>>> print(open('work-v9.txt').read())   # compact mmCIF, C-alpha atoms
# COMPACT_ATOMS: atom_id res chain seq x y z
CA MET O 28 -10.30 0.95 -18.91
CA SER O 29 -11.48 -2.39 -17.66
CA SER O 30 -14.10 -3.29 -15.11
CA PRO O 31 -13.36 -5.94 -12.45
CA SER O 32 -12.15 -9.19 -13.95
CA HIS O 33 -14.43 -12.22 -13.96
CA VAL O 34 -11.51 -14.66 -13.69
CA ALA O 35 -11.77 -17.24 -10.91
CA ASP O 36 -10.32 -16.50 -7.47
CA THR O 37 -7.69 -19.23 -7.81
CA PRO O 38 -4.77 -18.45 -5.49
CA ILE O 39 -1.40 -17.80 -7.12
CA THR O 40 1.29 -19.94 -5.54
CA HIS O 41 3.91 -19.94 -8.31
CA ARG O 42 5.15 -17.67 -11.09
CA ASP O 43 4.49 -20.44 -13.64
CA GLN O 44 0.76 -19.79 -13.22
CA LEU O 45 1.27 -16.26 -14.54
CA VAL O 46 3.16 -17.52 -17.56
CA GLU O 47 0.40 -20.05 -18.20
CA VAL O 48 -2.20 -17.27 -18.34
CA LEU O 49 -0.44 -15.80 -21.37
CA ALA O 50 0.19 -19.21 -22.95
CA SER O 51 -3.49 -20.07 -22.56
CA GLY O 52 -4.26 -17.37 -25.12
CA GLU O 53 -2.79 -19.49 -27.91
CA LYS O 54 -5.38 -20.43 -30.53
CA PRO O 55 -5.27 -22.23 -33.88
CA LYS O 56 -5.65 -19.86 -36.80
CA ALA O 57 -9.20 -21.04 -37.42
CA ASP O 58 -10.15 -19.65 -34.01
CA TRP O 59 -8.50 -16.24 -34.35
CA ARG O 60 -10.93 -13.41 -33.75
CA ILE O 61 -11.04 -9.60 -33.93
CA GLY O 62 -12.00 -7.54 -30.89
CA THR O 63 -12.40 -3.80 -31.46
CA GLU O 64 -12.76 -1.21 -28.71
CA HIS O 65 -13.45 2.48 -29.07
CA GLU O 66 -14.18 5.44 -26.82
CA LYS O 67 -16.04 8.69 -27.50
CA PHE O 68 -16.81 11.98 -25.76
CA GLY O 69 -20.34 12.78 -24.72
CA PHE O 70 -21.56 16.37 -24.73
CA ARG O 71 -24.79 18.19 -23.94
CA LEU O 72 -26.34 19.64 -27.06
CA ASP O 73 -27.32 22.89 -25.36
CA ASP O 74 -23.95 23.99 -23.94
CA LEU O 75 -21.50 21.34 -25.25
CA ARG O 76 -20.38 20.45 -21.72
CA PRO O 77 -19.65 16.82 -20.85
CA PRO O 78 -22.61 15.21 -19.06
CA THR O 79 -22.31 14.34 -15.40
CA PHE O 80 -22.92 10.79 -14.22
CA ASP O 81 -26.22 11.38 -12.48
CA GLY O 82 -29.28 13.43 -13.29
CA PRO O 83 -32.08 13.01 -15.83
CA LYS O 84 -29.67 13.75 -18.70
CA GLY O 85 -26.59 12.10 -17.26
CA ILE O 86 -24.44 9.18 -18.31
CA GLU O 87 -26.24 6.75 -16.02
CA ALA O 88 -29.54 7.72 -17.68
CA LEU O 89 -27.94 6.97 -21.05
CA LEU O 90 -26.78 3.54 -19.88
CA THR O 91 -30.23 2.82 -18.48
CA GLY O 92 -31.78 3.87 -21.77
CA LEU O 93 -29.54 1.46 -23.69
CA THR O 94 -30.97 -1.50 -21.76
CA ARG O 95 -33.99 -1.35 -24.08
CA PHE O 96 -31.71 -2.90 -26.71
CA GLY O 97 -31.06 -6.00 -24.61
CA TRP O 98 -28.03 -4.81 -22.65
CA GLU O 99 -27.77 -6.04 -19.05
CA ALA O 100 -26.82 -3.44 -16.45
CA VAL O 101 -23.76 -3.88 -14.21
CA GLN O 102 -23.96 -2.23 -10.80
CA GLU O 103 -21.35 -0.84 -8.44
CA HIS O 104 -22.69 0.44 -5.12
CA GLY O 105 -26.13 0.93 -6.62
CA HIS O 106 -24.92 2.79 -9.71
CA THR O 107 -25.16 1.44 -13.25
CA ILE O 108 -21.56 1.67 -14.43
CA ALA O 109 -21.49 -0.78 -17.38
CA LEU O 110 -23.60 -2.91 -19.73
CA LEU O 111 -23.11 -6.48 -21.00
CA LYS O 112 -24.50 -8.36 -23.99
CA ASP O 113 -23.28 -11.19 -26.25
CA ASN O 114 -19.62 -11.06 -25.16
CA ALA O 115 -19.52 -7.27 -25.63
CA SER O 116 -19.66 -4.51 -23.05
CA VAL O 117 -20.34 -0.81 -22.77
CA THR O 118 -18.22 0.80 -20.05
CA LEU O 119 -17.26 4.23 -18.76
CA GLU O 120 -13.89 5.90 -18.82
CA PRO O 121 -13.13 8.17 -15.83
CA ALA O 122 -14.86 11.32 -17.15
CA GLY O 123 -17.76 9.46 -18.72
CA GLN O 124 -16.22 8.73 -22.11
CA LEU O 125 -18.36 5.91 -23.44
CA GLU O 126 -16.51 2.77 -24.51
CA LEU O 127 -17.73 -0.14 -26.60
CA SER O 128 -15.62 -3.24 -26.05
CA GLY O 129 -16.77 -5.35 -28.94
CA ALA O 130 -17.29 -9.09 -29.05
CA PRO O 131 -14.63 -11.35 -30.60
CA LEU O 132 -15.71 -11.45 -34.25
CA ASP O 133 -14.61 -13.26 -37.40
CA THR O 134 -14.40 -10.39 -39.89
CA ILE O 135 -14.11 -6.64 -40.23
CA HIS O 136 -17.53 -6.71 -41.91
CA GLN O 137 -18.98 -7.91 -38.61
CA THR O 138 -16.95 -5.34 -36.70
CA CYS O 139 -18.43 -2.51 -38.76
CA VAL O 140 -21.95 -3.82 -38.25
CA GLU O 141 -21.30 -4.02 -34.52
CA VAL O 142 -19.90 -0.49 -34.34
CA GLY O 143 -22.65 0.91 -36.54
CA THR O 144 -25.37 -0.77 -34.51
CA HIS O 145 -23.89 0.52 -31.26
CA LEU O 146 -23.60 4.10 -32.53
CA LYS O 147 -27.20 3.96 -33.75
CA GLU O 148 -28.41 2.72 -30.36
CA VAL O 149 -26.42 5.40 -28.55
CA LYS O 150 -27.75 8.13 -30.83
CA THR O 151 -31.33 6.95 -30.32
CA VAL O 152 -31.06 7.33 -26.55
CA ALA O 153 -28.78 10.37 -26.64
CA ASP O 154 -31.21 12.30 -28.85
CA GLU O 155 -33.92 11.79 -26.23
CA LEU O 156 -31.58 13.13 -23.51
CA GLY O 157 -30.24 16.08 -25.48
CA LEU O 158 -26.78 14.56 -25.77
CA GLY O 159 -24.32 14.10 -28.62
CA PHE O 160 -21.10 12.09 -29.06
CA LEU O 161 -17.83 13.03 -30.69
CA GLY O 162 -14.97 10.79 -31.84
CA MET O 163 -11.57 12.45 -31.37
CA GLY O 164 -8.39 11.64 -29.48
CA PHE O 165 -8.51 14.54 -27.00
CA GLN O 166 -11.26 16.70 -25.54
CA PRO O 167 -11.06 19.80 -27.77
CA LYS O 168 -12.76 22.38 -25.52
CA TRP O 169 -13.03 21.74 -21.81
CA ARG O 170 -10.39 22.05 -19.10
CA ARG O 171 -9.41 19.13 -16.90
CA ASP O 172 -11.19 20.69 -13.90
CA GLU O 173 -14.39 20.97 -15.95
CA MET O 174 -14.52 17.24 -16.61
CA PRO O 175 -16.82 15.10 -14.42
CA TRP O 176 -15.69 11.96 -12.60
CA MET O 177 -17.51 8.65 -12.70
CA PRO O 178 -18.24 6.83 -9.39
CA LYS O 179 -15.96 3.84 -9.96
CA GLY O 180 -13.65 2.63 -7.22
CA ARG O 181 -10.59 2.00 -9.38
CA TYR O 182 -10.76 5.54 -10.75
CA ARG O 183 -10.72 7.01 -7.25
CA ILE O 184 -7.45 5.16 -6.58
CA MET O 185 -5.90 6.07 -9.93
CA ARG O 186 -6.94 9.70 -9.57
CA ALA O 187 -4.99 10.00 -6.33
CA TYR O 188 -1.95 8.11 -7.65
CA MET O 189 -1.48 9.61 -11.12
CA PRO O 190 -0.10 13.03 -10.04
CA LYS O 191 2.65 11.23 -8.09
CA VAL O 192 4.18 9.69 -11.23
CA GLY O 193 3.50 12.11 -14.09
CA ASP O 194 2.02 15.47 -15.03
CA LEU O 195 -0.52 14.32 -17.61
CA GLY O 196 -2.03 11.16 -16.13
CA LEU O 197 -5.25 12.90 -15.11
CA ASP O 198 -5.57 14.23 -18.66
CA MET O 199 -5.13 10.67 -19.94
CA MET O 200 -7.96 9.57 -17.69
CA THR O 201 -10.42 12.39 -18.30
CA ARG O 202 -9.69 13.93 -21.69
CA THR O 203 -8.56 11.17 -24.08
CA CYS O 204 -10.32 8.68 -26.33
CA THR O 205 -8.83 5.85 -28.37
CA VAL O 206 -9.68 3.03 -30.73
CA GLN O 207 -7.82 -0.26 -30.41
CA VAL O 208 -7.97 -3.78 -31.76
CA ASN O 209 -7.28 -7.03 -29.93
CA LEU O 210 -5.82 -9.90 -31.96
CA ASP O 211 -4.86 -13.53 -31.33
CA TYR O 212 -1.70 -15.60 -31.69
CA SER O 213 -1.13 -19.30 -32.28
CA SER O 214 2.09 -19.90 -30.33
CA GLU O 215 4.74 -18.11 -28.31
CA ALA O 216 6.83 -17.60 -31.45
CA ASP O 217 3.81 -16.20 -33.31
CA MET O 218 3.09 -13.85 -30.40
CA VAL O 219 6.69 -12.62 -30.37
CA LYS O 220 6.73 -11.87 -34.09
CA LYS O 221 3.37 -10.08 -33.98
CA PHE O 222 4.39 -8.14 -30.86
CA ARG O 223 7.59 -6.92 -32.53
CA VAL O 224 5.92 -5.97 -35.81
CA SER O 225 3.06 -4.14 -34.11
CA LEU O 226 5.35 -2.23 -31.73
CA ALA O 227 7.64 -1.14 -34.56
CA LEU O 228 4.71 -0.03 -36.71
CA GLN O 229 2.61 1.50 -33.92
CA PRO O 230 3.81 5.04 -34.81
CA ILE O 231 2.22 4.52 -38.22
CA ALA O 232 -1.17 3.89 -36.58
CA THR O 233 -0.64 6.96 -34.39
CA ALA O 234 0.08 9.08 -37.47
CA LEU O 235 -2.70 7.69 -39.67
CA PHE O 236 -5.33 8.17 -36.97
CA ALA O 237 -3.99 11.43 -35.49
CA ASP O 238 -7.00 13.50 -34.44
CA SER O 239 -6.27 15.51 -31.30
CA PRO O 240 -4.89 18.92 -32.29
CA PHE O 241 -6.87 21.11 -29.85
CA THR O 242 -6.66 21.82 -26.13
CA GLU O 243 -9.19 24.11 -24.43
CA GLY O 244 -10.35 25.55 -27.72
CA LYS O 245 -6.96 26.31 -29.24
CA PRO O 246 -4.40 24.43 -31.36
CA ASN O 247 -1.98 22.65 -29.02
CA GLY O 248 0.94 22.19 -31.42
CA TYR O 249 0.35 18.46 -31.81
CA LEU O 250 -1.46 16.27 -34.31
CA SER O 251 -1.97 13.54 -31.71
CA TYR O 252 -1.90 15.20 -28.31
CA ARG O 253 -3.38 11.98 -26.92
CA SER O 254 -0.21 10.18 -27.95
CA HIS O 255 1.94 12.87 -26.33
CA ILE O 256 0.03 12.53 -23.07
CA TRP O 257 1.23 8.95 -22.70
CA THR O 258 4.84 10.18 -22.58
CA ASP O 259 4.16 11.95 -19.27
CA THR O 260 1.61 9.70 -17.61
CA ASP O 261 3.57 7.00 -15.75
CA PRO O 262 6.95 5.76 -17.00
CA ASP O 263 6.61 2.52 -15.00
CA ARG O 264 3.74 1.29 -17.19
CA THR O 265 4.02 3.00 -20.60
CA GLY O 266 6.32 3.10 -23.60
CA MET O 267 7.77 1.06 -26.45
CA LEU O 268 9.03 -1.94 -24.41
CA ASP O 269 12.48 -2.23 -25.96
CA PHE O 270 12.98 -5.61 -24.27
CA VAL O 271 10.43 -7.16 -26.66
CA PHE O 272 13.11 -7.02 -29.36
CA GLU O 273 15.78 -8.74 -27.25
CA ASP O 274 16.81 -12.33 -27.91
CA GLY O 275 14.85 -14.78 -25.81
CA PHE O 276 11.80 -12.59 -25.34
CA GLY O 277 8.62 -14.55 -24.60
CA TYR O 278 5.88 -15.05 -22.05
CA GLU O 279 8.28 -15.26 -19.09
CA ARG O 280 9.98 -11.98 -19.88
CA TYR O 281 6.61 -10.21 -20.19
CA VAL O 282 5.52 -11.65 -16.85
CA ASP O 283 8.69 -10.24 -15.29
CA TYR O 284 7.85 -6.84 -16.78
CA LEU O 285 4.33 -6.95 -15.34
CA LEU O 286 5.64 -7.98 -11.94
CA ASP O 287 7.72 -4.81 -11.94
CA VAL O 288 4.73 -2.60 -12.84
CA PRO O 289 3.48 -1.04 -9.59
CA MET O 290 0.02 -2.08 -8.49
CA TYR O 291 -3.08 0.10 -8.37
CA PHE O 292 -5.51 -2.03 -6.37
CA SER O 293 -6.87 -5.41 -5.39
CA TYR O 294 -10.60 -6.03 -5.80
CA ARG O 295 -11.89 -7.89 -2.74
CA GLY O 296 -15.42 -8.39 -1.52
CA GLY O 297 -16.85 -5.89 -3.96
CA GLU O 298 -14.42 -3.18 -2.88
CA TYR O 299 -11.25 -1.75 -4.43
CA ILE O 300 -8.38 -1.92 -1.93
CA ASP O 301 -5.84 0.83 -2.57
CA ALA O 302 -2.46 -0.80 -3.29
CA SER O 303 -1.15 2.00 -5.49
CA GLY O 304 2.60 1.93 -5.97
CA LYS O 305 3.01 -1.40 -4.20
CA SER O 306 4.72 -4.53 -5.48
CA PHE O 307 2.89 -7.51 -6.96
CA ARG O 308 6.00 -9.57 -6.16
CA LYS O 309 5.52 -8.80 -2.46
CA PHE O 310 1.82 -9.63 -2.84
CA MET O 311 2.86 -13.08 -4.09
CA GLN O 312 4.94 -13.50 -0.92
CA GLY O 313 2.00 -12.53 1.29
CA GLU O 314 3.74 -9.29 2.23
CA LEU O 315 1.31 -6.67 0.92
CA ASP O 316 0.77 -4.37 3.87
CA VAL O 317 -2.77 -3.38 2.88
CA LEU O 318 -3.78 -7.08 2.77
CA PRO O 319 -1.55 -8.67 5.42
CA GLY O 320 -0.92 -12.35 4.80
CA ALA O 321 -3.19 -12.47 1.75
CA LEU O 322 -2.01 -14.05 -1.50
CA PRO O 323 -3.10 -12.79 -4.91
CA THR O 324 -5.52 -14.71 -7.06
CA LEU O 325 -5.67 -15.13 -10.81
CA ARG O 326 -8.36 -12.43 -10.77
CA ASP O 327 -5.87 -10.06 -9.13
CA TRP O 328 -3.39 -10.91 -11.89
CA SER O 329 -5.97 -10.41 -14.61
CA ASP O 330 -6.81 -6.98 -13.16
CA HIS O 331 -3.12 -6.11 -12.80
CA MET O 332 -2.46 -6.90 -16.47
CA THR O 333 -4.95 -4.17 -17.39
CA THR O 334 -2.98 -1.54 -15.45
CA ALA O 335 0.05 -1.61 -17.79
CA PHE O 336 -0.32 0.83 -20.69
CA PRO O 337 2.45 0.23 -23.25
CA GLU O 338 1.98 0.99 -26.94
CA VAL O 339 1.12 -2.69 -27.46
CA ARG O 340 -0.18 -4.74 -24.53
CA LEU O 341 -0.11 -8.49 -24.08
CA LYS O 342 -2.87 -10.21 -22.13
CA LYS O 343 -4.30 -13.42 -23.58
CA PHE O 344 -4.21 -11.55 -26.90
CA LEU O 345 -2.32 -8.56 -28.25
CA GLU O 346 -3.83 -5.06 -27.98
CA MET O 347 -2.85 -2.36 -30.49
CA ARG O 348 -3.11 0.86 -28.46
CA GLY O 349 -1.64 3.68 -30.55
CA ALA O 350 -4.60 5.34 -32.28
CA ASP O 351 -6.82 8.35 -31.56
CA GLY O 352 -10.58 7.90 -31.50
CA GLY O 353 -12.45 9.00 -34.59
CA PRO O 354 -15.49 8.62 -36.87
CA TRP O 355 -17.17 5.35 -37.81
CA ASN O 356 -15.11 4.60 -40.90
CA ARG O 357 -11.80 4.96 -39.04
CA LEU O 358 -13.12 2.74 -36.25
CA CYS O 359 -13.32 0.06 -38.93
CA ALA O 360 -10.04 1.03 -40.61
CA LEU O 361 -7.85 0.40 -37.58
CA PRO O 362 -8.75 -3.30 -37.16
CA ALA O 363 -8.53 -3.72 -40.93
CA PHE O 364 -4.97 -2.31 -40.90
CA TRP O 365 -3.73 -4.68 -38.22
CA VAL O 366 -5.67 -7.75 -39.36
CA GLY O 367 -4.22 -7.32 -42.84
CA LEU O 368 -0.70 -7.14 -41.40
CA LEU O 369 -0.90 -9.82 -38.72
CA TYR O 370 -3.49 -12.45 -39.71
CA ASP O 371 -1.92 -13.48 -43.04
CA GLN O 372 1.46 -15.19 -42.78
CA THR O 373 2.82 -13.74 -46.02
CA ALA O 374 1.85 -10.24 -44.88
CA LEU O 375 3.31 -10.81 -41.40
CA ASP O 376 6.59 -11.96 -42.95
CA ALA O 377 6.64 -8.91 -45.24
CA ALA O 378 5.87 -6.59 -42.34
CA TRP O 379 8.71 -8.13 -40.32
CA ASP O 380 11.05 -7.65 -43.28
CA LEU O 381 10.00 -4.00 -43.30
CA VAL O 382 10.91 -3.39 -39.65
CA LYS O 383 13.43 -6.02 -38.59
CA ASP O 384 16.46 -3.79 -39.12
CA PHE O 385 14.99 -0.80 -37.26
CA SER O 386 17.33 0.13 -34.45
CA MET O 387 16.05 0.80 -30.94
CA ALA O 388 16.92 4.46 -31.46
CA GLU O 389 14.91 4.59 -34.70
CA ARG O 390 11.85 2.98 -33.12
CA ASN O 391 11.93 5.39 -30.22
CA THR O 392 12.58 8.40 -32.44
CA LEU O 393 9.46 7.58 -34.46
CA ARG O 394 7.46 7.22 -31.25
CA ASP O 395 8.85 10.46 -29.81
CA HIS O 396 8.20 12.63 -32.86
CA VAL O 397 4.93 11.25 -34.25
CA PRO O 398 2.65 13.13 -31.80
CA LYS O 399 3.75 16.47 -33.26
CA LEU O 400 4.70 15.61 -36.82
CA GLY O 401 2.44 12.70 -37.75
CA LEU O 402 3.21 11.38 -41.21
CA HIS O 403 5.89 14.04 -41.67
CA VAL O 404 8.40 12.49 -39.23
CA PRO O 405 11.72 12.13 -41.10
CA PHE O 406 12.79 8.51 -41.46
CA ARG O 407 15.95 7.41 -43.23
CA ASN O 408 15.74 8.77 -46.77
CA GLY O 409 12.08 9.76 -46.56
CA THR O 410 9.31 10.22 -44.02
CA LEU O 411 6.92 8.14 -41.97
CA ARG O 412 4.41 8.69 -44.76
CA ASP O 413 6.57 6.52 -47.05
CA LEU O 414 6.70 3.80 -44.41
CA ALA O 415 2.93 4.04 -43.92
CA ARG O 416 2.38 3.63 -47.64
CA GLU O 417 4.44 0.42 -47.64
CA ALA O 418 2.67 -0.94 -44.57
CA LEU O 419 -0.74 -0.24 -46.10
CA LYS O 420 0.23 -2.08 -49.29
CA ILE O 421 1.18 -5.11 -47.22
CA SER O 422 -2.08 -4.86 -45.25
CA VAL O 423 -4.19 -4.60 -48.42
CA GLU O 424 -2.61 -7.74 -49.83
CA GLY O 425 -3.04 -9.53 -46.52
CA LEU O 426 -6.75 -8.74 -46.46
CA ARG O 427 -7.06 -9.76 -50.09
CA ARG O 428 -5.51 -13.15 -49.38
CA ARG O 429 -7.73 -13.52 -46.29
CA ALA O 430 -10.67 -13.33 -48.70
CA ALA O 431 -13.25 -12.75 -45.98
CA LEU O 432 -16.24 -11.81 -48.12
CA ASN O 433 -19.54 -10.20 -47.17
CA SER O 434 -22.91 -11.26 -48.59
CA GLN O 435 -22.18 -9.24 -51.74
CA GLY O 436 -18.86 -11.00 -52.29
CA VAL O 437 -16.78 -7.95 -51.27
CA ASP O 438 -13.60 -8.48 -49.25
CA GLU O 439 -12.27 -6.45 -46.32
CA THR O 440 -9.83 -4.25 -48.27
CA ARG O 441 -12.42 -1.48 -48.65
CA PHE O 442 -12.20 -0.72 -44.94
CA LEU O 443 -8.66 0.55 -45.48
CA ASP O 444 -9.85 3.28 -47.85
CA PRO O 445 -9.87 6.05 -45.19
CA ALA O 446 -6.28 5.27 -44.20
CA ILE O 447 -5.13 5.04 -47.81
CA GLU O 448 -6.77 8.39 -48.56
CA ILE O 449 -4.94 9.99 -45.61
CA VAL O 450 -1.60 8.73 -46.90
CA GLU O 451 -2.26 9.75 -50.48
CA ARG O 452 -3.42 13.25 -49.49
CA GLY O 453 -0.68 13.56 -46.92
CA GLN O 454 -3.22 15.15 -44.57
CA THR O 455 -4.43 13.61 -41.33
CA ALA O 456 -7.79 14.30 -39.69
CA ALA O 457 -5.97 16.57 -37.24
CA GLU O 458 -4.51 18.64 -40.07
CA ARG O 459 -7.90 18.85 -41.76
CA LYS O 460 -9.49 20.15 -38.55
CA LEU O 461 -6.70 22.68 -38.09
CA GLU O 462 -7.30 23.87 -41.64
CA LEU O 463 -11.00 24.33 -40.86
CA PHE O 464 -10.25 26.03 -37.52
CA HIS O 465 -8.01 28.62 -39.17
CA GLY O 466 -10.35 28.96 -42.16
CA ALA O 467 -14.08 28.33 -42.32
CA TRP O 468 -14.53 28.03 -38.55
CA ASN O 469 -12.79 31.35 -37.89
CA GLY O 470 -11.27 30.02 -34.68
CA ASP O 471 -14.57 28.72 -33.25
CA ILE O 472 -13.90 25.29 -31.68
CA ASP O 473 -17.62 24.77 -31.08
CA ARG O 474 -17.94 23.95 -34.77
CA VAL O 475 -16.16 20.63 -34.24
CA PHE O 476 -19.06 19.38 -32.11
CA ARG O 477 -21.62 20.26 -34.74
CA GLU O 478 -19.75 19.06 -37.81
CA PHE O 479 -18.04 15.91 -36.51
CA ALA O 480 -20.51 14.40 -34.02
CA TYR O 481 -21.69 10.86 -34.71
>>> encode(input="work-v9.txt", output="structure tokens")
Amino acid sequence: MSSPSHVADTPITHRDQLVEVLASGEKPKADWRIGTEHEKFGFRLDDLRPPTFDGPKGIEALLTGLTRFGWEAVQEHGHTIALLKDNASVTLEPAGQLELSGAPLDTIHQTCVEVGTHLKEVKTVADELGLGFLGMGFQPKWRRDEMPWMPKGRYRIMRAYMPKVGDLGLDMMTRTCTVQVNLDYSSEADMVKKFRVSLALQPIATALFADSPFTEGKPNGYLSYRSHIWTDTDPDRTGMLDFVFEDGFGYERYVDYLLDVPMYFSYRGGEYIDASGKSFRKFMQGELDVLPGALPTLRDWSDHMTTAFPEVRLKKFLEMRGADGGPWNRLCALPAFWVGLLYDQTALDAAWDLVKDFSMAERNTLRDHVPKLGLHVPFRNGTLRDLAREALKISVEGLRRRAALNSQGVDETRFLDPAIEIVERGQTAAERKLELFHGAWNGDIDRVFREFAY
């Protein structure tokens, strides 16, 4: 989840300004970039518990230790709560899950170097503190009430609001980790096509990267419990956004959607003002009771855009949000999958041909069933696995045509190998862990921390 926006405090006086924010994301193809974000669970090596924020072996000590690698500390009320360097950031999710928000990069090769470098830096400091890190979609061992809370103002507001709108929002905040990729568009029409393709195919990403089959040390009946959690978090700001597929969809329609998403807060004078459940439309009319007479600024709007959590999110780029966190190679595979589909026009056209006749009911059925069934969700005359195989073929060809080569002359297709292997074996990471749990691990969930830590 984002830290306060650094957008200027320009007052918003007209809805057209909000539309222009989205339109300002348009870039020529030569300027398209790849931004990859991933989260991971920290744990203490001695007892496997998540580290608290403070203390000599806490999360703040880890962040402070990372400054030796050139990261600049970001403070909130005297606490180090984030790091910045070279258009990238390291931030904290509510229970201390560590997130790398990568810089906008040209190739997946660079993405993998960035991720690998970050994980090496984290391990260097974590080893000194007696900490480890695990990439999965859901905390496999600890209860919600055993998770720590980070001292960030927006989380205090969200923590109080979440139970009012869903049963699993606090689990989303404290016990989930994801990997996502942020991609560009060249025009409104290009954005619309990419938005539709990525929404329709998001269940494939959820299935391919499913890795959250345990809750409190036991199988939970899901392959991606993280994905299930989003179905009972907050219906006002989650879901498949069926309106994206309606005729006439564009920037204006998405702005209208965001205006109907209830607020969480306004960040003023270094403080988070609780506006949870209130209307941004009323804010634009100067009628927000917690800030009487005040008008929102573009920074308020930028912050508000980060508080909608659909399967694909539009800001000044498109965010693919459907995948569980995982190991290093899958952190590279997710951006490779979407770049192959969306950054080559022939591949984008083929992907649209694959999904354009999906009905709304079919799209939502895939979304509804993929958390439990993964690649085994029935679809037409086959399963989601068949659809995933077709999508991966399109992505491979898209990456091949992109021809982004590393110093050895190798293209980006190799980063799809983990996803291709999952489809060919018909076994997700979640199913592999369940097999180990019921077999070699003899029901001991602690083994996951030892065998799958970074």
>>> residues_near_point(input="work-v9.txt", point="(4.4, 13.0, -18.2)", cutoff="8 Å", atoms="only C-alpha atoms", output="list in words")
Val192, Gly193, Asp194, Leu195, Gly196, Ile256, Trp257, Thr258, Asp259, Thr260, Asp261 and Pro262 of chain O
>>> write_last_selection(input="work-v9.txt", atoms="C-alpha atoms", output="PDB file, in the frame of the given file")
ATOM      1  CA  VAL O 192       4.180   9.690 -11.230  1.00  0.00           C
ATOM      2  CA  GLY O 193       3.500  12.110 -14.090  1.00  0.00           C
ATOM      3  CA  ASP O 194       2.020  15.470 -15.030  1.00  0.00           C
ATOM      4  CA  LEU O 195      -0.520  14.320 -17.610  1.00  0.00           C
ATOM      5  CA  GLY O 196      -2.030  11.160 -16.130  1.00  0.00           C
ATOM      6  CA  ILE O 256       0.030  12.530 -23.070  1.00  0.00           C
ATOM      7  CA  TRP O 257       1.230   8.950 -22.700  1.00  0.00           C
ATOM      8  CA  THR O 258       4.840  10.180 -22.580  1.00  0.00           C
ATOM      9  CA  ASP O 259       4.160  11.950 -19.270  1.00  0.00           C
ATOM     10  CA  THR O 260       1.610   9.700 -17.610  1.00  0.00           C
ATOM     11  CA  ASP O 261       3.570   7.000 -15.750  1.00  0.00           C
ATOM     12  CA  PRO O 262       6.950   5.760 -17.000  1.00  0.00           C
TER      13      PRO O 262
END
>>> atom_distance(input="work-v9.txt", atom1="CA of Gly353 (chain O)", atom2="CA of Met174 (chain O)")
19.9 Å
>>> residues_around(input="work-v9.txt", residues="Tyr281 (chain O)", least_positions_apart="4", cutoff="10 Å", atoms="all atoms listed in the file", output="PyMOL selection string")
chain O and resi 45-46+49+268+270-271+276-277+285-287+340-342
>>> write_last_selection(input="work-v9.txt", atoms="C-alpha atoms", output="tab-separated table (two decimals), in the frame of the given file")
chain	number	residue	atom	x	y	z
O	45	LEU	CA	1.27	-16.26	-14.54
O	46	VAL	CA	3.16	-17.52	-17.56
O	49	LEU	CA	-0.44	-15.80	-21.37
O	268	LEU	CA	9.03	-1.94	-24.41
O	270	PHE	CA	12.98	-5.61	-24.27
O	271	VAL	CA	10.43	-7.16	-26.66
O	276	PHE	CA	11.80	-12.59	-25.34
O	277	GLY	CA	8.62	-14.55	-24.60
O	285	LEU	CA	4.33	-6.95	-15.34
O	286	LEU	CA	5.64	-7.98	-11.94
O	287	ASP	CA	7.72	-4.81	-11.94
O	340	ARG	CA	-0.18	-4.74	-24.53
O	341	LEU	CA	-0.11	-8.49	-24.08
O	342	LYS	CA	-2.87	-10.21	-22.13
>>> residues_around(input="work-v9.txt", residues="Glu298 (chain O)", least_positions_apart="5", cutoff="12 Å", atoms="only C-alpha atoms", output="VMD selection string")
chain O and resid 31 103 to 104 179 to 181 183 to 184 292 to 293
>>> write_last_selection(input="work-v9.txt", atoms="C-alpha atoms", output="PDB file, keeping the file's coordinate frame")
ATOM      1  CA  PRO O  31     -13.360  -5.940 -12.450  1.00  0.00           C
ATOM      2  CA  GLU O 103     -21.350  -0.840  -8.440  1.00  0.00           C
ATOM      3  CA  HIS O 104     -22.690   0.440  -5.120  1.00  0.00           C
ATOM      4  CA  LYS O 179     -15.960   3.840  -9.960  1.00  0.00           C
ATOM      5  CA  GLY O 180     -13.650   2.630  -7.220  1.00  0.00           C
ATOM      6  CA  ARG O 181     -10.590   2.000  -9.380  1.00  0.00           C
ATOM      7  CA  ARG O 183     -10.720   7.010  -7.250  1.00  0.00           C
ATOM      8  CA  ILE O 184      -7.450   5.160  -6.580  1.00  0.00           C
ATOM      9  CA  PHE O 292      -5.510  -2.030  -6.370  1.00  0.00           C
ATOM     10  CA  SER O 293      -6.870  -5.410  -5.390  1.00  0.00           C
TER      11      SER O 293
END
>>> residues_around(input="work-v9.txt", residues="region 148-151 of chain O", least_positions_apart="6", cutoff="9 Å", atoms="all atoms listed in the file", output="MDAnalysis selection string")
chainID O and resid 89:90 92:93 96 158:160 481
>>> closest_residue(input="work-v9.txt", among="O:Lys168, O:His106, O:Arg416, O:Arg202", to="Phe80 (chain O)", atoms="all atoms listed in the file")
O:His106
>>> closest_residue(input="work-v9.txt", among="O:Val34, O:Ala418, O:Leu226, O:Val366", to="Thr134 (chain O)", atoms="only C-alpha atoms")
O:Val366
>>> atom_distance(input="work-v9.txt", atom1="CA of Ala130 (chain O)", atom2="CA of Thr107 (chain O)")
20.6 Å
>>> closest_residue(input="work-v9.txt", among="O:Ala335, O:Ala50, O:Leu461, O:Val224", to="Tyr212 (chain O)", atoms="all atoms listed in the file")
O:Ala50
>>> residues_around(input="work-v9.txt", residues="region 246-252 of chain O", least_positions_apart="5", cutoff="7 Å", atoms="only C-alpha atoms", output="JSON, numbers by chain")
{"O": [165, 237, 238, 239, 240, 241, 398, 399, 400, 401, 457, 458]}
